[in-house]
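File shown: protein.txt (compact mmCIF, C-alpha atoms and all ligand atoms).
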```txt
# COMPACT_ATOMS: atom_id res chain seq x y z
CA MET A 1 -21.39 93.58 145.97
CA ASP A 2 -25.07 94.44 145.48
CA THR A 3 -26.16 95.49 148.98
CA GLU A 4 -29.87 95.62 148.07
CA ALA A 5 -29.71 92.02 146.81
CA LEU A 6 -27.81 90.95 149.93
CA LYS A 7 -30.46 92.54 152.14
CA ALA A 8 -33.23 90.82 150.19
CA ILE A 9 -31.49 87.45 150.53
CA ALA A 10 -31.04 87.96 154.28
CA SER A 11 -34.71 88.84 154.75
CA TYR A 12 -35.97 85.78 152.86
CA ARG A 13 -33.55 83.53 154.72
CA GLU A 14 -34.60 84.92 158.11
CA ALA A 15 -37.81 82.88 157.96
CA PHE A 16 -35.76 79.68 157.60
CA PRO A 17 -33.15 79.70 160.39
CA HIS A 18 -33.35 75.87 160.34
CA ILE A 19 -32.04 75.64 156.75
CA THR A 20 -28.44 75.99 155.68
CA PRO A 21 -28.39 77.48 152.18
CA LEU A 22 -25.97 75.96 149.69
CA ILE A 23 -23.99 79.21 149.56
CA THR A 24 -23.67 80.91 152.93
CA ASP A 25 -20.36 82.70 152.55
CA TRP A 26 -20.02 84.74 149.36
CA SER A 27 -16.26 85.27 149.67
CA ALA A 28 -15.65 81.56 150.20
CA HIS A 29 -17.83 80.96 147.12
CA GLU A 30 -15.48 83.25 145.17
CA ASP A 31 -12.47 81.28 146.45
CA GLN A 32 -14.12 78.11 145.12
CA GLY A 33 -14.37 79.54 141.60
CA GLY A 34 -17.92 80.97 141.74
CA ASP A 35 -18.48 84.58 140.71
CA SER A 36 -20.03 86.01 143.86
CA PHE A 37 -21.36 89.17 142.15
CA HIS A 38 -23.50 87.07 139.79
CA ALA A 39 -24.26 84.52 142.50
CA VAL A 40 -25.74 87.19 144.79
CA LYS A 41 -27.85 88.68 142.00
CA GLU A 42 -29.08 85.27 140.88
CA THR A 43 -29.86 84.12 144.41
CA ALA A 44 -31.91 87.25 145.15
CA GLY A 45 -33.72 86.66 141.83
CA ILE A 46 -34.48 83.03 142.71
CA LEU A 47 -36.01 84.03 146.05
CA ALA A 48 -38.13 86.82 144.52
CA ALA A 49 -39.29 84.66 141.58
CA THR A 50 -40.39 81.83 143.87
CA ASP A 51 -42.11 84.22 146.27
CA SER A 52 -44.09 85.70 143.37
CA THR A 53 -45.47 82.27 142.39
CA ILE A 54 -46.81 81.56 145.91
CA PRO A 55 -50.39 82.54 146.75
CA LEU A 56 -50.96 84.58 149.90
CA ARG A 57 -52.38 81.66 151.91
CA TYR A 58 -49.17 79.65 151.45
CA LYS A 59 -46.64 82.51 151.76
CA HIS A 60 -45.36 81.02 155.02
CA ALA A 61 -45.61 77.35 154.04
CA ASP A 62 -42.69 75.10 154.82
CA ALA A 63 -42.11 71.49 153.81
CA THR A 64 -41.97 69.38 156.94
CA ASP A 65 -42.97 65.88 155.85
CA PRO A 66 -39.86 63.64 156.01
CA LYS A 67 -40.53 62.16 152.55
CA VAL A 68 -40.95 65.61 151.03
CA LEU A 69 -37.67 66.65 152.68
CA ALA A 70 -35.99 63.55 151.21
CA TRP A 71 -37.31 64.52 147.76
CA ILE A 72 -35.91 68.05 148.19
CA ASP A 73 -32.51 66.48 148.95
CA GLU A 74 -32.78 64.50 145.72
CA VAL A 75 -33.59 67.64 143.74
CA VAL A 76 -30.53 69.36 145.21
CA TRP A 77 -28.46 66.28 144.39
CA CYS A 78 -29.69 66.34 140.76
CA SER A 79 -28.96 70.06 140.35
CA THR A 80 -25.85 71.36 138.59
CA PRO A 81 -23.84 74.56 139.11
CA ALA A 82 -24.19 77.32 136.50
CA ARG A 83 -20.93 78.06 134.69
CA ILE A 84 -20.31 81.64 135.82
CA SER A 85 -22.20 82.14 139.06
CA GLY A 86 -21.80 78.62 140.40
CA VAL A 87 -25.44 78.78 141.59
CA ARG A 88 -27.06 75.36 141.27
CA LYS A 89 -29.83 74.85 138.71
CA VAL A 90 -32.53 72.24 138.93
CA GLY A 91 -31.96 69.36 136.49
CA PRO A 92 -33.68 66.13 135.46
CA GLY A 93 -34.67 64.08 138.47
CA PRO A 94 -37.55 62.50 140.33
CA SER A 95 -40.90 64.19 140.75
CA LEU A 96 -43.21 64.24 143.76
CA LEU A 97 -46.83 63.10 144.03
CA LEU A 98 -48.63 64.24 147.18
CA LEU A 99 -51.81 62.31 147.87
CA GLY A 100 -54.28 62.45 150.74
CA PRO A 101 -57.76 63.58 151.68
CA THR A 102 -58.91 67.19 151.70
CA GLY A 103 -57.16 69.51 154.11
CA THR A 104 -54.25 67.24 155.03
CA GLY A 105 -51.67 69.80 153.84
CA LYS A 106 -50.74 68.72 150.28
CA THR A 107 -50.71 72.23 148.82
CA PHE A 108 -48.91 73.48 151.95
CA GLN A 109 -46.14 70.88 151.53
CA GLY A 110 -45.92 71.62 147.79
CA TYR A 111 -45.45 75.36 148.18
CA GLY A 112 -43.26 74.70 151.21
CA ALA A 113 -40.99 72.60 148.98
CA LEU A 114 -40.74 75.45 146.44
CA ARG A 115 -39.83 77.88 149.24
CA ARG A 116 -37.23 75.55 150.72
CA LEU A 117 -35.56 75.04 147.36
CA SER A 118 -35.41 78.80 146.83
CA VAL A 119 -33.96 79.40 150.30
CA LEU A 120 -31.39 76.68 149.67
CA GLY A 121 -30.49 78.72 146.58
CA VAL A 122 -31.47 76.25 143.85
CA ASN A 123 -32.48 77.99 140.65
CA ALA A 124 -35.75 76.31 139.73
CA SER A 125 -37.72 79.10 137.97
CA PRO A 126 -40.92 77.49 139.22
CA ALA A 127 -44.38 77.71 137.73
CA ALA A 128 -47.32 76.71 139.91
CA SER A 129 -51.04 76.37 139.38
CA PRO A 130 -54.08 74.32 140.22
CA ILE A 131 -54.64 72.09 137.17
CA ALA A 132 -58.16 73.48 136.72
CA ASP A 133 -56.68 76.95 136.15
CA ILE A 134 -54.31 75.58 133.52
CA TYR A 135 -57.29 74.07 131.67
CA ALA A 136 -59.23 77.34 132.02
CA LYS A 137 -56.34 79.43 130.68
CA MET A 138 -55.84 77.00 127.79
CA ARG A 139 -59.47 76.67 126.78
CA PRO A 140 -59.57 77.60 123.08
CA ARG A 141 -61.18 81.00 122.52
CA PRO A 142 -60.44 84.06 120.38
CA GLY A 143 -57.23 85.85 121.36
CA VAL A 144 -55.82 82.92 123.35
CA ASP A 145 -52.85 80.95 122.16
CA SER A 146 -53.53 77.69 124.01
CA GLU A 147 -50.19 76.25 122.98
CA SER A 148 -48.19 79.13 124.54
CA VAL A 149 -50.14 78.70 127.76
CA PHE A 150 -49.35 74.97 127.69
CA GLU A 151 -45.67 75.68 127.08
CA SER A 152 -45.45 78.23 129.90
CA TYR A 153 -46.19 75.34 132.27
CA ALA A 154 -44.70 72.39 130.40
CA HIS A 155 -41.33 74.11 129.96
CA ALA A 156 -40.93 75.36 133.54
CA PRO A 157 -37.78 73.86 135.09
CA LEU A 158 -39.83 73.06 138.21
CA LEU A 159 -43.60 72.79 137.95
CA PHE A 160 -46.17 72.52 140.72
CA VAL A 161 -49.49 71.13 139.48
CA ASP A 162 -52.06 71.26 142.25
CA ASP A 163 -55.31 69.26 142.49
CA LEU A 164 -54.89 66.71 139.75
CA GLY A 165 -58.20 64.97 139.09
CA ALA A 166 -60.26 67.76 140.66
CA ALA A 167 -61.67 69.11 137.38
CA LYS A 168 -64.65 67.69 135.54
CA GLU A 169 -63.33 65.06 133.15
CA SER A 170 -63.73 65.34 129.39
CA PRO A 171 -61.66 64.00 126.49
CA TRP A 172 -60.06 67.46 126.13
CA VAL A 173 -59.17 67.66 129.84
CA GLU A 174 -57.68 64.17 129.66
CA GLU A 175 -55.68 65.08 126.55
CA VAL A 176 -54.19 68.20 128.21
CA THR A 177 -53.27 66.25 131.35
CA THR A 178 -51.72 63.45 129.30
CA ARG A 179 -49.69 65.88 127.19
CA LEU A 180 -48.46 67.80 130.24
CA VAL A 181 -47.49 64.70 132.20
CA ASN A 182 -45.93 63.13 129.10
CA TYR A 183 -43.87 66.23 128.40
CA ARG A 184 -42.43 66.21 131.91
CA TYR A 185 -42.09 62.41 131.94
CA ASP A 186 -40.13 62.21 128.67
CA ARG A 187 -37.61 64.76 129.91
CA GLY A 188 -37.49 63.74 133.56
CA MET A 189 -38.43 67.31 134.52
CA ALA A 190 -39.02 67.81 138.24
CA THR A 191 -42.71 68.28 138.96
CA ILE A 192 -44.80 68.35 142.12
CA PHE A 193 -48.32 66.95 141.71
CA THR A 194 -51.04 66.83 144.32
CA SER A 195 -54.35 65.00 144.24
CA ASN A 196 -57.02 64.11 146.73
CA VAL A 197 -58.20 61.21 144.60
CA PRO A 198 -57.61 57.96 146.56
CA PRO A 199 -54.59 56.11 145.07
CA LYS A 200 -56.71 53.17 143.87
CA GLN A 201 -59.06 55.46 141.94
CA LEU A 202 -56.35 57.61 140.35
CA GLY A 203 -56.25 55.64 137.08
CA GLU A 204 -60.00 55.73 136.72
CA LYS A 205 -60.12 59.47 137.45
CA ILE A 206 -57.17 60.86 135.47
CA GLY A 207 -56.64 58.07 132.94
CA GLU A 208 -54.61 54.89 133.27
CA ARG A 209 -51.78 56.17 131.03
CA VAL A 210 -51.29 59.30 133.14
CA ALA A 211 -51.49 57.38 136.42
CA SER A 212 -48.96 54.83 135.18
CA ARG A 213 -46.47 57.54 134.22
CA LEU A 214 -46.95 59.34 137.54
CA THR A 215 -46.18 56.18 139.45
CA GLU A 216 -42.90 55.76 137.60
CA LEU A 217 -41.98 59.45 137.64
CA CYS A 218 -42.76 60.31 141.24
CA ARG A 219 -41.83 59.71 144.82
CA VAL A 220 -45.30 59.15 146.26
CA VAL A 221 -46.18 60.69 149.62
CA VAL A 222 -49.54 59.98 151.21
CA LEU A 223 -50.57 62.56 153.83
CA LYS A 224 -52.96 61.37 156.52
CA GLY A 225 -54.94 62.94 159.29
CA GLU A 226 -57.90 65.20 159.84
CA ASP A 227 -58.90 68.13 157.64
CA ARG A 228 -56.77 70.96 159.09
CA ARG A 229 -59.32 73.51 157.95
CA LEU A 230 -62.01 71.99 160.16
CA GLN A 231 -59.60 71.77 163.10
CA GLY A 232 -58.90 75.51 162.67
CA ARG A 233 -62.61 76.27 162.73
CA ALA A 234 -63.12 74.16 165.85
CA ALA A 235 -60.31 75.97 167.73
N1 LIG A 301 -47.94 71.76 158.42
C1 LIG A 301 -48.82 72.77 158.49
N2 LIG A 301 -48.69 73.74 159.41
C2 LIG A 301 -49.59 74.75 159.51
N3 LIG A 301 -50.67 74.88 158.71
C3 LIG A 301 -50.85 73.95 157.79
C4 LIG A 301 -49.95 72.83 157.62
N4 LIG A 301 -50.40 72.05 156.62
C5 LIG A 301 -51.51 72.65 156.17
N5 LIG A 301 -51.79 73.77 156.86
C6 LIG A 301 -52.95 74.65 156.67
O1 LIG A 301 -54.10 73.82 156.64
C7 LIG A 301 -54.99 74.22 155.60
C8 LIG A 301 -55.17 73.04 154.62
O2 LIG A 301 -53.92 72.76 154.00
P1 LIG A 301 -53.83 72.54 152.42
O3 LIG A 301 -54.56 73.62 151.71
O4 LIG A 301 -52.41 72.35 152.10
O5 LIG A 301 -54.61 71.16 152.29
P2 LIG A 301 -54.81 70.23 151.01
O6 LIG A 301 -54.43 68.86 151.41
O7 LIG A 301 -54.11 70.85 149.87
O8 LIG A 301 -56.38 70.30 150.81
P3 LIG A 301 -57.25 70.09 149.46
O9 LIG A 301 -57.25 68.64 149.15
O10 LIG A 301 -58.61 70.59 149.83
O11 LIG A 301 -56.62 70.92 148.39
C9 LIG A 301 -54.39 75.45 154.95
O12 LIG A 301 -54.94 76.61 155.54
C10 LIG A 301 -52.92 75.35 155.31
O13 LIG A 301 -52.28 76.61 155.35
MG MG A 302 -54.80 71.69 148.09
```
Write the structure described by the file as structure tokens, please.
Ligand SMILES: Nc1ncnc2c1ncn2[C@@H]1O[C@H](COP(=O)(O)OP(=O)(O)OP(=O)(O)O)[C@@H](O)[C@H]1O
Ligand SMILES: [Mg+2]
Amino acid sequence: MDTEALKAIASYREAFPHITPLITDWSAHEDQGGDSFHAVKETAGILAATDSTIPLRYKHADATDPKVLAWIDEVVWCSTPARISGVRKVGPGPSLLLLGPTGTGKTFQGYGALRRLSVLGVNASPAASPIADIYAKMRPRPGVDSESVFESYAHAPLLFVDDLGAAKESPWVEEVTTRLVNYRYDRGMATIFTSNVPPKQLGEKIGERVASRLTELCRVVVLKGEDRRLQGRAA
């Protein structure tokens, strides 16, 4: 077996002693019909790919909110084992909408959910970005294929779209958001959205059609409390 990959898996898992990964015993996995050689390689790849999508500030984030944990369970439930390795792959299922005022931990829970899924060993090939950066990367200009940028996010098996409604609205911004949400909605593709727009103003801010789809697509979690950034400064 690939000892480097095994070492990498062990080091990623060390930070999560409270989680039991889906495959803990590679020889038992083999006995159950999974190919452990491929499973080890794939699992190490999942952990590295997720880690590379997480910005420095959230490298140690963990999902702790009970409703976020319940959503993670649903994602695991909706995943299916790959034919050769037996490693589970994310499939169509519910999405997650994290709402709440500034600094209540929405981005932290979102990246924490990505990390948990990777440590569990679910192949999600995540893409993650603040929505404003997606708009910026897509903005039509010479040398930029806006459609490929759109697809790199829209097609991701698991997508984390941070800060919905934070960018300045324009018909173009609204069209991109609608297309992205529609793409995921039509296919039931698992997506994590965050927004600090109050729930009642969401339709007004991001468009009624988008808000309506999000409500149907997502488990909604509202985080409450003080701005954690200000608490940190006070300490
Ligand atoms: N459960 C937690 N444990 C430890 N630190 C946390 C936790 N939740 C959030 N933080 C920290 O608090 C700060 C604010 O969290 P975060 O960036 O997730 O807030 P937010 O709700 O996304 O804010 P905004 O609406 O401004 O984007 C960050 O530095 C983050 O690392
Ligand atoms: Mg945030």
Please identify all polymer residues within 6 Å of region 38-47 of chain A, counting all atoms listed in the file, omitting same-chain residues fewer than 3 positions from it, and present them as a ChimeraX atom specification.
-> /A:5,9,35,50,85,87,118,121,123
Interatomic distance (Å, one decimal) between CA of Val210 (chain A) and CA of Thr102 (chain A) | 21.6 Å
Let me see if you get this right: every residue at most 9 Å from ligand MG 302 (chain A), counting only C-alpha atoms and all ligand atoms, written as a PDB file with C-alpha atoms, keeping the file's coordinate frame.
```pdb
ATOM      1  CA  THR A 102     -58.910  67.190 151.700  1.00  0.00           C
ATOM      2  CA  GLY A 103     -57.160  69.510 154.110  1.00  0.00           C
ATOM      3  CA  THR A 104     -54.250  67.240 155.030  1.00  0.00           C
ATOM      4  CA  GLY A 105     -51.670  69.800 153.840  1.00  0.00           C
ATOM      5  CA  LYS A 106     -50.740  68.720 150.280  1.00  0.00           C
ATOM      6  CA  THR A 107     -50.710  72.230 148.820  1.00  0.00           C
ATOM      7  CA  PHE A 108     -48.910  73.480 151.950  1.00  0.00           C
ATOM      8  CA  GLY A 110     -45.920  71.620 147.790  1.00  0.00           C
ATOM      9  CA  PRO A 130     -54.080  74.320 140.220  1.00  0.00           C
ATOM     10  CA  ASP A 162     -52.060  71.260 142.250  1.00  0.00           C
ATOM     11  CA  ASP A 163     -55.310  69.260 142.490  1.00  0.00           C
ATOM     12  CA  THR A 194     -51.040  66.830 144.320  1.00  0.00           C
ATOM     13  CA  SER A 195     -54.350  65.000 144.240  1.00  0.00           C
ATOM     14  CA  ASN A 196     -57.020  64.110 146.730  1.00  0.00           C
TER      15      ASN A 196
END
```
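Nearest-residue note for Glu169 (chain A): choosing from A:Tyr135, A:Tyr153, A:Trp71, A:Phe193, the minimum distance belongs to A:Tyr135, counting all atoms listed in the file.
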Would you mind listing what lies within 8 Å of region 57-59 of chain A as number ranges by chain, with only C-alpha atoms counted and same-chain residues fewer than 6 positions away left out?
-> A: 51, 108, 111-112
Please dump the current selection as a PDB file, keeping the file's coordinate frame; keep C-alpha atoms.
```
ATOM      1  CA  ASP A  51     -42.110  84.220 146.270  1.00  0.00           C
ATOM      2  CA  PHE A 108     -48.910  73.480 151.950  1.00  0.00           C
ATOM      3  CA  TYR A 111     -45.450  75.360 148.180  1.00  0.00           C
ATOM      4  CA  GLY A 112     -43.260  74.700 151.210  1.00  0.00           C
TER       5      GLY A 112
END
```
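Shortest atom-to-atom contact with Gln201 (chain A) among A:Gly165, A:Pro81, A:Pro92, A:Leu117: A:Gly165, counting only C-alpha atoms.
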Which is closest to ligand LIG 301 (chain A) among A:Gly100, A:Pro94, A:Gly86, A:Gly33, if we use all atoms listed in the file?
-> A:Gly100
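Residues within 12 Å of Lys67 (chain A), counting only C-alpha atoms and excluding same-chain residues fewer than 2 positions away, are Ala63, Thr64, Asp65, Leu69, Ala70, Trp71, Ile72, Asp73, Glu74, Ser95, Leu96, Leu97, Leu98, Gln109, Gly110, Ala113, Cys218, Arg219, Val220, Val221, Val222 and Leu223 of chain A.
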